[in-house]
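Coordinates as given in target.cif (mmCIF, C-alpha atoms):
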```cif
data_run
#
loop_
_atom_site.label_atom_id
_atom_site.label_comp_id
_atom_site.auth_asym_id
_atom_site.auth_seq_id
_atom_site.Cartn_x
_atom_site.Cartn_y
_atom_site.Cartn_z
CA MET I 1 47.59 185.58 125.35
CA SER I 2 48.64 188.94 126.72
CA GLN I 3 46.45 190.35 129.47
CA ASN I 4 46.38 194.11 129.94
CA PRO I 5 44.67 195.36 133.09
CA VAL I 6 41.57 197.38 132.25
CA SER I 7 42.81 200.10 134.60
CA ASP I 8 45.78 200.62 132.25
CA VAL I 9 43.57 201.19 129.21
CA ASP I 10 41.52 204.26 128.34
CA HIS I 11 38.83 202.54 126.31
CA SER I 12 36.88 205.79 125.87
CA THR I 13 39.39 206.94 123.23
CA ALA I 14 40.09 203.58 121.57
CA SER I 15 39.63 203.83 117.81
CA GLY I 16 40.61 201.74 114.82
CA LEU I 17 39.65 200.35 111.45
CA TRP I 18 39.60 196.68 110.45
CA VAL I 19 39.25 195.95 106.72
CA ASN I 20 39.33 193.02 104.29
CA ALA I 21 37.26 190.92 106.67
CA ARG I 22 34.29 188.63 106.49
CA LEU I 23 31.70 189.52 109.11
CA ALA I 24 29.15 187.52 111.05
CA THR I 25 27.39 190.43 112.74
CA LEU I 26 24.70 188.26 114.42
CA SER I 27 22.38 191.26 114.20
CA SER I 28 19.84 189.07 112.42
CA GLY I 29 20.61 185.42 111.84
CA LEU I 30 24.33 185.11 111.26
CA GLY I 31 24.31 188.49 109.53
CA ILE I 32 27.06 187.58 107.07
CA VAL I 33 28.86 190.35 105.21
CA GLU I 34 31.51 189.46 102.65
CA ALA I 35 34.37 191.92 102.08
CA GLY I 36 33.44 193.81 105.22
CA ALA I 37 34.94 196.42 107.51
CA VAL I 38 34.54 197.50 111.12
CA ALA I 39 35.36 201.03 112.21
CA VAL I 40 35.67 201.97 115.87
CA LYS I 41 35.56 205.42 117.41
CA ASN I 42 35.84 206.14 121.13
CA GLY I 43 35.46 202.47 121.99
CA ARG I 44 32.24 202.01 120.03
CA ILE I 45 31.36 200.66 116.62
CA ALA I 46 31.08 203.56 114.17
CA PHE I 47 30.61 201.39 111.07
CA CYS I 48 30.05 197.72 110.36
CA GLY I 49 29.22 196.52 106.88
CA PRO I 50 30.51 196.18 103.31
CA GLU I 51 33.88 197.88 102.94
CA THR I 52 32.61 199.60 99.79
CA ASP I 53 30.11 201.48 101.98
CA LEU I 54 32.72 202.72 104.47
CA PRO I 55 32.42 206.51 104.82
CA PRO I 56 35.55 208.34 103.59
CA GLU I 57 36.01 210.17 106.88
CA LEU I 58 36.22 206.89 108.79
CA ARG I 59 38.63 205.42 106.25
CA ALA I 60 40.87 208.46 106.68
CA SER I 61 40.67 208.50 110.48
CA SER I 62 42.79 205.40 111.16
CA THR I 63 45.51 203.28 109.61
CA PRO I 64 43.60 200.22 108.39
CA ILE I 65 44.30 196.82 109.93
CA ASP I 66 44.18 194.19 107.17
CA CYS I 67 42.29 191.10 108.35
CA ALA I 68 43.39 189.13 105.25
CA GLY I 69 39.94 187.65 104.77
CA ARG I 70 39.58 186.43 108.36
CA TRP I 71 36.17 186.30 110.03
CA ILE I 72 35.02 188.81 112.63
CA THR I 73 32.24 187.91 115.06
CA PRO I 74 30.98 189.63 118.18
CA ALA I 75 33.14 188.80 121.19
CA LEU I 76 31.74 185.83 123.07
CA VAL I 77 29.45 186.12 126.08
CA ASP I 78 29.34 183.54 128.90
CA CYS I 79 26.04 184.31 130.61
CA HIS I 80 26.13 181.64 133.36
CA THR I 81 29.25 180.85 135.39
CA HIS I 82 30.27 180.12 138.97
CA LEU I 83 33.82 181.24 138.25
CA VAL I 84 34.76 182.34 141.79
CA TYR I 85 35.22 179.52 144.32
CA GLY I 86 37.82 177.68 146.35
CA GLY I 87 39.20 174.19 145.83
CA ASP I 88 37.81 171.58 143.46
CA ARG I 89 35.48 168.59 143.48
CA ALA I 90 37.60 165.97 141.73
CA LEU I 91 36.64 163.44 144.41
CA GLU I 92 32.97 163.75 143.48
CA PHE I 93 33.93 163.18 139.87
CA GLU I 94 35.40 159.87 140.98
CA MET I 95 32.22 159.09 142.95
CA ARG I 96 30.05 159.70 139.91
CA LEU I 97 32.27 157.42 137.87
CA ALA I 98 31.61 154.77 140.52
CA GLY I 99 27.85 155.20 140.04
CA ALA I 100 26.68 157.88 142.50
CA THR I 101 24.11 160.38 141.15
CA TYR I 102 24.23 164.16 141.62
CA GLU I 103 21.24 164.00 143.96
CA GLU I 104 22.77 161.16 146.00
CA ILE I 105 26.02 163.08 146.40
CA ALA I 106 24.13 166.23 147.45
CA ARG I 107 21.93 164.44 149.97
CA ALA I 108 25.03 162.83 151.48
CA GLY I 109 26.49 166.26 152.19
CA GLY I 110 28.45 166.65 148.99
CA GLY I 111 27.58 168.72 145.97
CA ILE I 112 27.43 172.46 146.44
CA VAL I 113 27.94 172.30 150.19
CA SER I 114 31.29 170.54 149.77
CA SER I 115 32.73 173.67 148.13
CA VAL I 116 31.68 175.89 151.02
CA LYS I 117 34.56 175.12 153.36
CA ALA I 118 37.22 175.70 150.71
CA THR I 119 35.60 178.95 149.56
CA ASN I 120 35.13 180.39 153.05
CA ALA I 121 38.77 179.65 153.89
CA LEU I 122 39.98 182.11 151.25
CA SER I 123 40.36 185.88 151.33
CA VAL I 124 39.08 188.04 148.48
CA ASP I 125 42.57 188.20 146.98
CA GLU I 126 42.94 184.43 147.24
CA LEU I 127 39.56 183.90 145.56
CA VAL I 128 40.71 186.22 142.77
CA ALA I 129 43.97 184.32 142.39
CA GLN I 130 42.14 181.01 142.01
CA ALA I 131 39.61 182.46 139.54
CA LEU I 132 42.10 184.20 137.25
CA PRO I 133 43.33 181.09 135.41
CA ARG I 134 39.74 180.13 134.67
CA LEU I 135 38.96 183.64 133.49
CA ASP I 136 42.08 183.81 131.34
CA THR I 137 41.08 180.59 129.59
CA LEU I 138 37.71 182.09 128.63
CA LEU I 139 39.33 185.33 127.47
CA ALA I 140 41.80 183.40 125.33
CA GLU I 141 38.81 182.13 123.33
CA GLY I 142 37.48 185.60 122.58
CA ALA I 143 35.10 186.18 125.49
CA SER I 144 34.51 189.77 126.58
CA THR I 145 31.48 189.49 128.89
CA ILE I 146 31.20 186.95 131.69
CA GLU I 147 28.57 186.52 134.37
CA VAL I 148 29.87 185.44 137.80
CA LYS I 149 27.65 184.17 140.62
CA SER I 150 28.08 183.93 144.35
CA GLY I 151 26.69 180.81 146.04
CA TYR I 152 29.59 178.84 147.49
CA ALA I 153 29.89 180.58 150.86
CA LEU I 154 26.31 180.37 152.20
CA ASN I 155 26.95 183.07 154.81
CA ILE I 156 26.64 186.79 154.36
CA GLU I 157 30.28 187.85 154.51
CA GLY I 158 31.46 184.95 152.39
CA GLU I 159 28.87 185.62 149.70
CA LEU I 160 29.85 189.29 149.68
CA ASN I 161 33.51 188.31 149.35
CA MET I 162 32.73 186.20 146.31
CA LEU I 163 31.15 189.17 144.58
CA ARG I 164 33.97 191.46 145.72
CA ALA I 165 36.35 189.03 144.05
CA ALA I 166 34.23 189.04 140.90
CA ARG I 167 34.32 192.84 140.75
CA LYS I 168 38.11 192.76 141.20
CA LEU I 169 38.48 190.45 138.22
CA ALA I 170 37.21 193.25 136.02
CA GLU I 171 39.92 195.53 137.39
CA LEU I 172 42.66 193.05 136.54
CA ARG I 173 41.58 191.88 133.09
CA PRO I 174 40.00 193.41 129.97
CA VAL I 175 36.55 191.98 130.56
CA ARG I 176 33.00 193.00 131.44
CA ILE I 177 31.94 191.14 134.59
CA VAL I 178 28.25 190.86 135.47
CA THR I 179 27.46 189.61 138.98
CA SER I 180 24.58 187.57 140.36
CA TRP I 181 23.62 187.09 144.03
CA LEU I 182 23.08 183.33 144.41
CA ALA I 183 22.99 182.81 148.17
CA ALA I 184 19.83 180.73 147.53
CA HIS I 185 22.02 178.04 145.98
CA ALA I 186 21.96 175.50 148.80
CA THR I 187 21.19 175.33 152.51
CA PRO I 188 24.23 175.06 154.80
CA PRO I 189 24.30 172.18 157.29
CA GLU I 190 23.43 174.39 160.27
CA TYR I 191 20.15 175.30 158.53
CA LYS I 192 19.26 171.78 157.41
CA GLY I 193 15.48 171.50 157.19
CA ARG I 194 15.09 175.25 157.80
CA ASN I 195 15.22 176.79 154.35
CA GLY I 196 12.91 179.60 155.43
CA ASP I 197 15.16 180.61 158.29
CA TYR I 198 18.21 180.57 156.01
CA ILE I 199 16.45 182.86 153.56
CA SER I 200 15.45 185.21 156.40
CA ASP I 201 18.83 185.19 158.13
CA VAL I 202 21.27 185.10 155.21
CA VAL I 203 19.81 185.41 151.72
CA LEU I 204 17.65 188.51 152.15
CA PRO I 205 19.79 190.63 154.49
CA GLY I 206 22.90 189.67 152.54
CA LEU I 207 21.24 190.78 149.33
CA GLU I 208 20.46 194.15 150.86
CA LEU I 209 24.11 194.58 151.84
CA ALA I 210 25.36 193.44 148.43
CA HIS I 211 23.05 195.92 146.75
CA ALA I 212 24.14 198.74 149.05
CA GLU I 213 27.79 197.99 148.26
CA GLY I 214 27.17 197.94 144.52
CA LEU I 215 28.17 194.30 144.21
CA VAL I 216 25.11 192.80 142.58
CA ASP I 217 23.67 193.16 139.07
CA ALA I 218 21.03 190.42 139.27
CA VAL I 219 19.55 187.87 141.68
CA ASP I 220 19.57 184.12 141.07
CA GLY I 221 18.38 180.99 142.87
CA PHE I 222 18.30 177.21 142.57
CA CYS I 223 14.74 175.92 142.37
CA GLU I 224 14.92 172.16 142.82
CA GLY I 225 13.97 169.39 145.23
CA ILE I 226 17.50 169.39 146.68
CA ALA I 227 17.51 173.19 146.96
CA PHE I 228 14.60 175.65 147.22
CA SER I 229 10.90 175.46 146.39
CA PRO I 230 9.12 177.94 144.10
CA ALA I 231 7.50 179.55 147.16
CA GLU I 232 10.89 180.01 148.82
CA ILE I 233 12.41 181.44 145.63
CA ALA I 234 9.46 183.83 145.35
CA ARG I 235 10.52 185.43 148.65
CA VAL I 236 13.96 186.09 147.18
CA PHE I 237 12.51 187.45 143.97
CA ASP I 238 10.17 189.75 145.88
CA LYS I 239 13.17 191.28 147.65
CA ALA I 240 14.99 191.64 144.33
CA ARG I 241 11.98 193.44 142.89
CA ASP I 242 11.87 195.77 145.91
CA LEU I 243 15.53 196.62 145.24
CA GLY I 244 15.00 197.12 141.51
CA LEU I 245 17.20 194.16 140.56
CA PRO I 246 16.47 191.74 137.70
CA VAL I 247 16.17 188.02 138.42
CA LYS I 248 17.14 184.71 136.84
CA LEU I 249 16.78 181.12 137.97
CA HIS I 250 18.32 177.64 137.88
CA ALA I 251 15.16 175.75 136.95
CA GLU I 252 13.95 172.32 135.86
CA GLN I 253 17.40 170.75 135.91
CA LEU I 254 16.44 167.55 137.75
CA SER I 255 12.64 167.75 137.88
CA ASP I 256 9.74 169.96 136.87
CA LEU I 257 8.80 172.15 139.85
CA GLY I 258 7.48 175.04 137.78
CA GLY I 259 10.54 177.17 138.38
CA ALA I 260 10.67 178.44 134.81
CA ARG I 261 7.02 179.47 135.01
CA LEU I 262 7.78 181.30 138.25
CA ALA I 263 10.74 183.05 136.64
CA ALA I 264 8.66 184.09 133.65
CA GLY I 265 6.03 185.50 136.00
CA TYR I 266 8.67 187.82 137.45
CA GLY I 267 9.89 188.83 134.00
CA ALA I 268 13.20 187.08 134.62
CA LEU I 269 16.15 187.69 132.34
CA SER I 270 16.64 183.94 132.00
CA ALA I 271 15.80 180.48 133.25
CA ASP I 272 18.74 178.11 133.05
CA HIS I 273 19.27 174.32 132.61
CA LEU I 274 15.65 173.40 131.73
CA GLU I 275 16.05 169.68 131.02
CA TYR I 276 12.59 169.00 132.52
CA LEU I 277 10.85 172.08 131.13
CA ASN I 278 7.34 171.47 129.78
CA ALA I 279 5.93 172.99 126.60
CA ALA I 280 3.46 175.29 128.38
CA ASP I 281 6.22 176.82 130.49
CA ALA I 282 8.43 177.19 127.41
CA LYS I 283 5.63 179.30 125.95
CA ALA I 284 5.37 181.32 129.17
CA MET I 285 9.10 182.04 128.98
CA ALA I 286 8.83 183.15 125.35
CA GLU I 287 5.92 185.45 126.13
CA ALA I 288 7.83 187.01 129.04
CA GLY I 289 11.04 187.42 127.03
CA THR I 290 12.84 185.14 129.48
CA VAL I 291 15.85 183.61 127.72
CA ALA I 292 16.36 179.84 127.89
CA VAL I 293 20.00 179.32 128.88
CA LEU I 294 21.09 175.79 128.06
CA LEU I 295 24.09 174.32 129.89
CA PRO I 296 25.43 171.27 128.06
CA GLY I 297 28.53 171.06 130.26
CA ALA I 298 26.44 170.04 133.26
CA PHE I 299 24.33 167.69 131.16
CA TYR I 300 27.52 166.03 129.90
CA THR I 301 29.32 165.89 133.25
CA LEU I 302 26.31 164.42 135.05
CA ARG I 303 25.67 162.00 132.19
CA GLU I 304 22.03 163.03 132.08
CA LYS I 305 19.60 161.34 129.71
CA GLN I 306 16.84 163.93 129.33
CA ALA I 307 17.92 166.84 127.14
CA PRO I 308 16.22 170.25 127.25
CA PRO I 309 13.13 170.46 125.01
CA VAL I 310 14.74 172.43 122.18
CA LYS I 311 11.85 171.71 119.80
CA ALA I 312 9.33 173.13 122.28
CA LEU I 313 11.49 176.19 122.85
CA ARG I 314 11.77 176.79 119.11
CA GLU I 315 8.04 176.34 118.57
CA ALA I 316 7.31 178.76 121.40
CA GLY I 317 9.67 181.34 119.90
CA ALA I 318 11.89 181.46 122.98
CA HIS I 319 15.37 182.92 122.76
CA ILE I 320 18.05 180.27 123.38
CA ALA I 321 21.47 181.01 124.86
CA LEU I 322 24.39 178.73 125.71
CA ALA I 323 26.84 179.05 128.60
CA THR I 324 29.60 177.06 130.26
CA ASP I 325 28.05 176.87 133.76
CA SER I 326 31.72 176.79 134.80
CA ASN I 327 31.74 175.40 138.34
CA PRO I 328 33.78 172.95 140.41
CA GLY I 329 31.25 170.15 140.69
CA THR I 330 28.94 169.66 137.76
CA SER I 331 30.53 171.57 134.87
CA PRO I 332 34.28 172.11 135.26
CA LEU I 333 34.24 173.70 131.81
CA THR I 334 36.02 176.90 130.77
CA SER I 335 35.50 176.81 126.99
CA LEU I 336 32.67 178.49 125.12
CA LEU I 337 33.95 176.87 121.92
CA MET I 338 33.50 173.44 123.49
CA THR I 339 30.13 174.56 124.85
CA MET I 340 28.97 175.33 121.31
CA ASN I 341 30.09 171.92 120.09
CA MET I 342 28.23 170.28 122.98
CA GLY I 343 25.12 172.35 122.26
CA ALA I 344 25.13 171.10 118.69
CA THR I 345 26.12 167.50 119.39
CA LEU I 346 24.13 166.83 122.57
CA PHE I 347 21.12 169.13 122.14
CA GLY I 348 20.79 169.32 118.34
CA LEU I 349 21.24 173.08 118.05
CA THR I 350 22.15 174.51 114.66
CA VAL I 351 25.37 176.40 113.95
CA GLU I 352 23.40 179.64 113.91
CA GLU I 353 21.73 178.84 117.24
CA CYS I 354 25.09 177.99 118.83
CA LEU I 355 26.85 181.13 117.63
CA ALA I 356 23.89 183.33 118.56
CA GLY I 357 23.72 181.51 121.90
CA VAL I 358 27.18 182.68 122.97
CA THR I 359 26.88 186.20 121.49
CA ARG I 360 23.51 187.87 120.89
CA GLU I 361 21.39 185.63 123.10
CA GLY I 362 24.00 185.46 125.85
CA ALA I 363 23.98 189.25 125.96
CA ARG I 364 20.18 189.24 125.98
CA ALA I 365 20.21 186.84 128.94
CA LEU I 366 22.25 189.41 130.88
CA GLY I 367 20.13 192.39 129.88
CA LEU I 368 23.06 193.74 127.86
CA LEU I 369 21.89 193.40 124.28
CA ASP I 370 21.87 197.19 123.83
CA GLU I 371 25.58 197.21 124.74
CA THR I 372 27.17 194.09 123.26
CA GLY I 373 26.51 190.71 121.64
CA THR I 374 26.20 191.86 118.01
CA LEU I 375 28.24 193.99 115.61
CA GLU I 376 26.08 197.08 115.20
CA ILE I 377 26.72 200.80 115.09
CA GLY I 378 26.71 202.37 118.55
CA LYS I 379 27.50 199.20 120.48
CA SER I 380 30.66 198.55 122.43
CA ALA I 381 33.44 197.48 120.09
CA ASP I 382 33.76 193.95 121.46
CA PHE I 383 34.71 191.48 118.76
CA ALA I 384 36.85 188.48 117.91
CA ILE I 385 38.86 187.80 114.76
CA TRP I 386 39.21 184.17 113.77
CA ASN I 387 41.48 182.06 111.57
CA ILE I 388 38.62 180.11 110.00
CA GLU I 389 37.11 179.62 106.57
CA ARG I 390 33.48 179.50 107.68
CA PRO I 391 31.63 180.20 110.95
CA ALA I 392 30.67 176.54 111.35
CA GLU I 393 34.30 175.79 112.26
CA LEU I 394 33.76 177.51 115.61
CA VAL I 395 31.12 174.91 116.45
CA TYR I 396 32.57 171.91 114.63
CA ARG I 397 36.09 171.68 116.04
CA ILE I 398 36.88 170.07 119.40
CA GLY I 399 39.83 171.26 121.49
CA PHE I 400 40.99 173.76 118.87
CA ASN I 401 41.13 177.52 119.35
CA PRO I 402 41.39 179.54 116.11
CA LEU I 403 41.33 182.99 117.75
CA HIS I 404 43.57 185.45 115.89
CA GLU I 405 42.81 188.63 117.78
CA HIS I 406 40.48 189.83 120.51
CA VAL I 407 39.15 193.40 120.78
CA PHE I 408 37.43 194.79 123.88
CA LYS I 409 35.85 198.24 123.81
CA GLY I 410 37.94 198.98 120.72
CA LYS I 411 41.23 198.03 122.33
CA ARG I 412 43.34 195.24 120.84
CA ILE I 413 44.12 193.03 123.81
CA SER I 414 45.58 189.93 122.17
CA ALA I 415 47.18 188.94 118.92
#
```

Mind turning the file's structure into structure tokens?
Amino acid sequence: MSQNPVSDVDHSTASGLWVNARLATLSSGLGIVEAGAVAVKNGRIAFCGPETDLPPELRASSTPIDCAGRWITPALVDCHTHLVYGGDRALEFEMRLAGATYEEIARAGGGIVSSVKATNALSVDELVAQALPRLDTLLAEGASTIEVKSGYALNIEGELNMLRAARKLAELRPVRIVTSWLAAHATPPEYKGRNGDYISDVVLPGLELAHAEGLVDAVDGFCEGIAFSPAEIARVFDKARDLGLPVKLHAEQLSDLGGARLAAGYGALSADHLEYLNAADAKAMAEAGTVAVLLPGAFYTLREKQAPPVKALREAGAHIALATDSNPGTSPLTSLLMTMNMGATLFGLTVEECLAGVTREGARALGLLDETGTLEIGKSADFAIWNIERPAELVYRIGFNPLHEHVFKGKRISA
């Protein structure tokens, strides 16, 4: 896959016309259009629908690109990743194979904290260099929008450097990067037993600095027995609200502490993981418009037994997204195609739910549905062209990438 730096591309003038295509617009359901066309003007979708309805002026404005009956979907969205970090946690993988649980590893000083030393040892440029191969793998599968969290430094300057690295990724690759401040991810050893002090000394002042530097788009936290309580997370969310920043939350992954209910009460963009979510809190999320982001990579890697309550989420009318949760310890996954297959196989999601989960609902979980995630007039021209016969192939296949071409803001960036 060729990678053109965004700085080398003037997306504001990118235009083009793709014809003889089958479309899955995802605007409502799969939004299938047979014999469709997509026209782009100034980096935005000017037409998307049956080719017979294409306005003559748009047909005349560009030399058509013949898709030869291939499928076009919105470009993929990965709405939950920890893509920037140092080192790896292969040793913990071995420990889990020998029988240790995630909680046991964390309480023994492993888990999130074990990535801190490796991350803090790297400069911003070194963090970028380590993240680029992971990013490129996602882009090679048709992703255009990727959320990146801090959370592996656990000190102010290190957390800022993680987000600086995330911002730099968007300068080096054709991708939309959305950042989340996740200093409330774990408590460093020097603050053991003093979560409140860590929040006061690091999480809150660091957030203010990140906001002042323009590094943060949203605020996240880990609400769990091995991390932070709902009351502690509420302090972080209060600061986010004061700064005008949206929130999201790792919630109900290992137990039910009411984190999802807390997130819904703050109008959170999303609550993520949710294996131990109860039906009442699923309803609270739906009523608040808080997206349920399911992370089958972590469920698989940790060999968990309790799956998220998909039936309760459906009955509540909650929006469901899927994401890789790409991270060094519990989901070393850099494939949204594999994530969809896991969502279907492990959680029982339908093809439509999986495809919507990594397009429309992923964009919704980032507060970007007005900009991307579906093929609709006026939105950013972010789409993927696939060598498939039906959309279900994107969910069904394992270890197979049928991407033919990737378009970001109207610019063809791979073929």

Next item on the list: With the file shown as input, list the residues that the PyMOL selection byres ((chain I and resi 96) around 12) selects, as a PyMOL selection string.
Entry: chain I and resi 89-95+97-106+110-111+301-304+329-330

Next item on the list: Run the PyMOL selection byres ((chain I and resi 291-296) around 8) on the file and write out the hits as a PyMOL selection string.
Entry: chain I and resi 80+269-274+285-286+289-290+297-300+308+313+318-325+339+342-343+346-347+361-362+364-365

Which residues, written as a PDB file with C-alpha atoms, keeping the file's coordinate frame, have at least one atom at most 9 Å from Glu315 of chain I, with only C-alpha atoms counted and residues fewer than 4 positions away on the same chain left out?
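Output (result12.pdb):
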```
ATOM      1  CA  ALA I 279       5.930 172.990 126.600  1.00  0.00           C
ATOM      2  CA  ALA I 282       8.430 177.190 127.410  1.00  0.00           C
ATOM      3  CA  LYS I 283       5.630 179.300 125.950  1.00  0.00           C
ATOM      4  CA  VAL I 310      14.740 172.430 122.180  1.00  0.00           C
ATOM      5  CA  LYS I 311      11.850 171.710 119.800  1.00  0.00           C
TER       6      LYS I 311
END
```

Checklist line | Interatomic distance (Å, one decimal) between atom CA of Leu132 of chain I and atom CA of Ala392 of chain I | finding: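 Atom CA of Ala392 of chain I lies 29.3 Å from atom CA of Leu132 of chain I.
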
Checklist line | Picked residues, the PyMOL selection byres ((chain I and resi 167) around 10), as a ChimeraX atom specification | finding: /I:128,148,161-166,168-172,176-179,214-216

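Ranking I:Asp66, I:Glu57, I:Asp88, I:Glu389 by their shortest atom-to-atom distance to Pro328 of chain I, with only C-alpha atoms included, puts I:Asp88 first.
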
Any chance you could tabulate, as a Markdown table, the residues of segment 116-206 of chain I at most 8 Å from segment 402-405 of chain I with each one's nearest atom pair and distance in Å to one decimal, using all atoms listed in the file, in chain and rising number order?
```
| residue | atom | partner | partner_atom | distance |
| --- | --- | --- | --- | --- |
| I:Ala140 | CA | I:Leu403 | CA | 7.6 |
| I:Glu141 | CA | I:Leu403 | CA | 6.2 |
| I:Gly142 | CA | I:Leu403 | CA | 6.7 |
```

Check: Restricting the calculation to only C-alpha atoms, which member of I:Pro74, I:Gly87, I:Gly259, I:Pro246 is positioned closest to Cys48 of chain I?
Finding: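 The shortest atom-to-atom distance to Cys48 of chain I comes from I:Pro74.
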
Margin query: Just the number, please: distance in Å from atom CA of Glu352 of chain I to atom CA of Ala24 of chain I, one decimal.
Written below: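 For atom CA of Glu352 of chain I relative to atom CA of Ala24 of chain I, the distance reads 10.2 Å.
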
Notebook entry, point to check: With distances taken over all atoms listed in the file, which of I:Gly29, I:Ala263, I:Ser326, I:Thr145 is nearest to Tyr85 of chain I?
Noted result: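 For Tyr85 of chain I, the nearest of the given residues is I:Ser326.
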
Margin query: So, with only C-alpha atoms as the atoms that count, which of I:Leu209, I:Leu58, I:Leu83, I:Ala68 lies closest to Ser331 of chain I?
Written below: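 So, comparing all the options, the nearest one is I:Leu83.
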